[in-house]
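Shown below: query-v7.tsv, with TSV, C-alpha atoms.
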chain	number	residue	atom	x	y	z
A	1	MET	CA	3.39	-3.60	16.23
A	2	LEU	CA	2.51	-2.63	12.67
A	3	LYS	CA	5.19	-0.55	10.96
A	4	GLY	CA	4.48	-0.91	7.23
A	5	LEU	CA	1.67	0.17	4.92
A	6	VAL	CA	1.40	-1.36	1.45
A	7	ILE	CA	-1.22	0.14	-0.82
A	8	ASP	CA	-2.58	-0.54	-4.30
A	9	TYR	CA	-2.87	2.26	-6.86
A	10	VAL	CA	-5.80	1.74	-9.23
A	11	GLY	CA	-9.05	1.51	-7.32
A	12	VAL	CA	-7.56	2.96	-4.14
A	13	LEU	CA	-5.36	5.96	-4.91
A	14	THR	CA	-7.48	6.81	-7.96
A	15	ASP	CA	-10.65	7.54	-5.93
A	16	SER	CA	-11.99	11.07	-6.34
A	17	ASP	CA	-11.13	11.89	-2.70
A	18	ALA	CA	-7.78	10.07	-2.72
A	19	ASN	CA	-6.09	13.31	-1.66
A	20	GLU	CA	-7.04	12.27	1.89
A	21	LEU	CA	-5.17	9.00	1.44
A	22	TYR	CA	-2.13	10.82	0.11
A	23	ALA	CA	-2.22	13.10	3.17
A	24	TYR	CA	-2.44	10.00	5.38
A	25	LEU	CA	0.59	8.49	3.64
A	26	LEU	CA	2.66	11.62	4.34
A	27	SER	CA	1.53	11.64	7.96
A	28	ALA	CA	2.30	7.94	8.32
A	29	ARG	CA	5.82	8.42	7.01
A	30	GLU	CA	6.35	11.28	9.47
A	31	ARG	CA	5.38	8.86	12.28
A	32	GLY	CA	7.93	6.30	11.12
A	33	ILE	CA	5.60	3.99	9.23
A	34	ARG	CA	7.26	2.61	6.09
A	35	THR	CA	5.07	2.83	2.97
A	36	ALA	CA	5.03	0.97	-0.32
A	37	LEU	CA	2.98	1.11	-3.49
A	38	LEU	CA	2.20	-2.36	-4.87
A	39	SER	CA	0.70	-2.36	-8.35
A	40	ASN	CA	0.15	-5.04	-10.95
A	41	ALA	CA	1.06	-2.47	-13.60
A	42	PRO	CA	3.89	-3.30	-15.99
A	43	GLY	CA	5.80	-0.29	-14.68
A	44	ALA	CA	5.66	3.48	-14.57
A	45	SER	CA	7.44	6.35	-16.24
A	46	ASP	CA	10.25	8.13	-14.44
A	47	GLU	CA	7.96	11.17	-14.17
A	48	ALA	CA	5.18	9.12	-12.51
A	49	LYS	CA	7.68	7.59	-10.10
A	50	GLN	CA	8.97	11.05	-9.16
A	51	GLN	CA	5.41	12.16	-8.42
A	52	LEU	CA	4.84	9.12	-6.19
A	53	ASP	CA	8.23	9.28	-4.48
A	54	PRO	CA	7.25	11.69	-1.65
A	55	PHE	CA	4.57	9.26	-0.49
A	56	PHE	CA	6.41	5.93	-0.62
A	57	ASP	CA	9.58	4.28	0.59
A	58	ALA	CA	9.24	1.63	-2.13
A	59	LEU	CA	7.46	1.39	-5.47
A	60	VAL	CA	6.72	-2.15	-6.63
A	61	PHE	CA	5.36	-2.75	-10.11
A	62	SER	CA	4.67	-6.37	-11.02
A	63	GLY	CA	6.02	-5.93	-14.52
A	64	GLU	CA	9.36	-4.82	-13.08
A	65	VAL	CA	9.70	-7.51	-10.40
A	66	GLY	CA	8.26	-10.46	-12.33
A	67	VAL	CA	5.60	-11.46	-9.80
A	68	ALA	CA	2.03	-10.16	-9.40
A	69	LYS	CA	-0.80	-10.02	-6.91
A	70	PRO	CA	-2.22	-12.33	-5.66
A	71	GLU	CA	1.01	-14.39	-5.65
A	72	ARG	CA	2.43	-14.74	-2.13
A	73	GLU	CA	5.93	-13.80	-3.25
A	74	VAL	CA	4.98	-10.25	-4.24
A	75	TYR	CA	3.73	-9.44	-0.73
A	76	LEU	CA	6.84	-10.89	0.88
A	77	LEU	CA	9.09	-9.07	-1.60
A	78	THR	CA	7.34	-5.76	-0.90
A	79	ALA	CA	7.59	-6.18	2.87
A	80	GLY	CA	11.26	-7.04	2.42
A	81	LEU	CA	11.85	-3.83	0.47
A	82	LEU	CA	10.45	-1.98	3.48
A	83	GLY	CA	12.85	-3.89	5.73
A	84	LEU	CA	9.96	-5.52	7.55
A	85	PRO	CA	8.49	-8.98	7.94
A	86	ALA	CA	5.03	-9.38	6.39
A	87	ASP	CA	3.36	-9.60	9.80
A	88	ARG	CA	4.37	-6.01	10.54
A	89	CYS	CA	2.58	-4.70	7.41
A	90	VAL	CA	-0.96	-3.75	6.40
A	91	PHE	CA	-2.07	-4.20	2.80
A	92	VAL	CA	-4.86	-2.10	1.23
A	93	ASP	CA	-6.54	-3.06	-2.05
A	94	ASP	CA	-9.97	-2.73	-3.63
A	95	ALA	CA	-9.85	-6.35	-4.82
A	96	ALA	CA	-10.89	-8.69	-2.01
A	97	HIS	CA	-8.95	-11.65	-3.45
A	98	ASN	CA	-5.72	-9.61	-3.29
A	99	VAL	CA	-6.42	-8.70	0.34
A	100	ARG	CA	-7.08	-12.36	1.21
A	101	ALA	CA	-3.79	-13.34	-0.46
A	102	ALA	CA	-1.89	-10.70	1.51
A	103	VAL	CA	-3.45	-11.95	4.74
A	104	ALA	CA	-2.46	-15.51	3.81
A	105	ALA	CA	1.11	-14.19	3.35
A	106	GLY	CA	1.03	-12.80	6.90
A	107	MET	CA	-0.06	-9.18	6.43
A	108	ALA	CA	-3.06	-7.48	7.97
A	109	GLY	CA	-5.58	-6.64	5.27
A	110	VAL	CA	-7.92	-3.77	4.52
A	111	HIS	CA	-10.48	-4.18	1.73
A	112	HIS	CA	-10.86	-0.69	0.29
A	113	THR	CA	-14.45	0.26	-0.46
A	114	SER	CA	-14.24	3.98	0.29
A	115	VAL	CA	-11.60	6.43	1.41
A	116	GLU	CA	-13.51	7.16	4.62
A	117	GLU	CA	-13.77	3.49	5.61
A	118	THR	CA	-10.15	2.78	4.70
A	119	LEU	CA	-8.91	5.72	6.77
A	120	THR	CA	-11.04	4.58	9.72
A	121	GLU	CA	-9.48	1.11	9.55
A	122	LEU	CA	-5.94	2.46	9.11
A	123	ASN	CA	-6.34	4.84	12.05
A	124	ALA	CA	-7.42	1.90	14.22
A	125	LEU	CA	-4.59	-0.36	13.02
A	126	PHE	CA	-1.89	2.29	13.39
A	127	ALA	CA	-3.22	3.86	16.59
A	128	SER	CA	-0.32	5.44	18.47
Take the structure in the file and write it out as structure tokens.
Amino acid sequence: MLKGLVIDYVGVLTDSDANELYAYLLSARERGIRTALLSNAPGASDEAKQQLDPFFDALVFSGEVGVAKPEREVYLLTAGLLGLPADRCVFVDDAAHNVRAAVAAGMAGVHHTSVEETLTELNALFAS
């Protein structure tokens, strides 16, 4: 059973209709799904982290942890921060090579091309 959702920021949560994804994240957390942001950014300001905090159980910035997508270790590290094995997590990214790397690390993968399609896939994967 899938219990973790790991999502990229730029290219996914920066879409013009990303508010629907943010609403999904809140709903997922209410249902007991653990959520993480995984970004190849060097880090984020304290203010940015506070704004993201209501949506995520863990914030992982490659510059802060010393490993980046598509390296296997970053997916395993992120799943571990959620207290889950990789095979209980879904990873969402707009870069297909990052999704393939997450799948190779044991996660389910969703290649983000639109908010509507991503939400359709997530609703199927996390069907109650």
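Distances here use all atoms listed in the file; by that measure, the residue among A:Thr14, A:Ser45, A:Ser114, A:Thr35 closest to A:Val90 is A:Thr35.
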Practice problem: Rank A:Tyr24, A:Phe91, A:Leu13, A:Leu59 by their smallest atom-to-atom distance to A:Asp46, using all atoms listed in the file, and report the top residue only. | Solution: A:Leu59
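Residue nearest A:Ile7 within the list A:Leu38, A:Leu81, A:Ile33, A:Glu117: A:Leu38 [criterion: smallest interatomic distance, all atoms listed in the file].
Between A:Ser16 and the candidates A:Ala104, A:Pro85, A:Glu116, A:Ala127, the tightest atom-to-atom separation, counting only C-alpha atoms, involves A:Glu116.
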Quiz item: Which residues, written as a PyMOL selection string, have at least one atom at most 12 Å from A:Lys69, with only C-alpha atoms counted and residues fewer than 5 positions away on the same chain left out?
Solution: chain A and resi 7-8+38-41+60-63+74-78+91+93+95-102+105
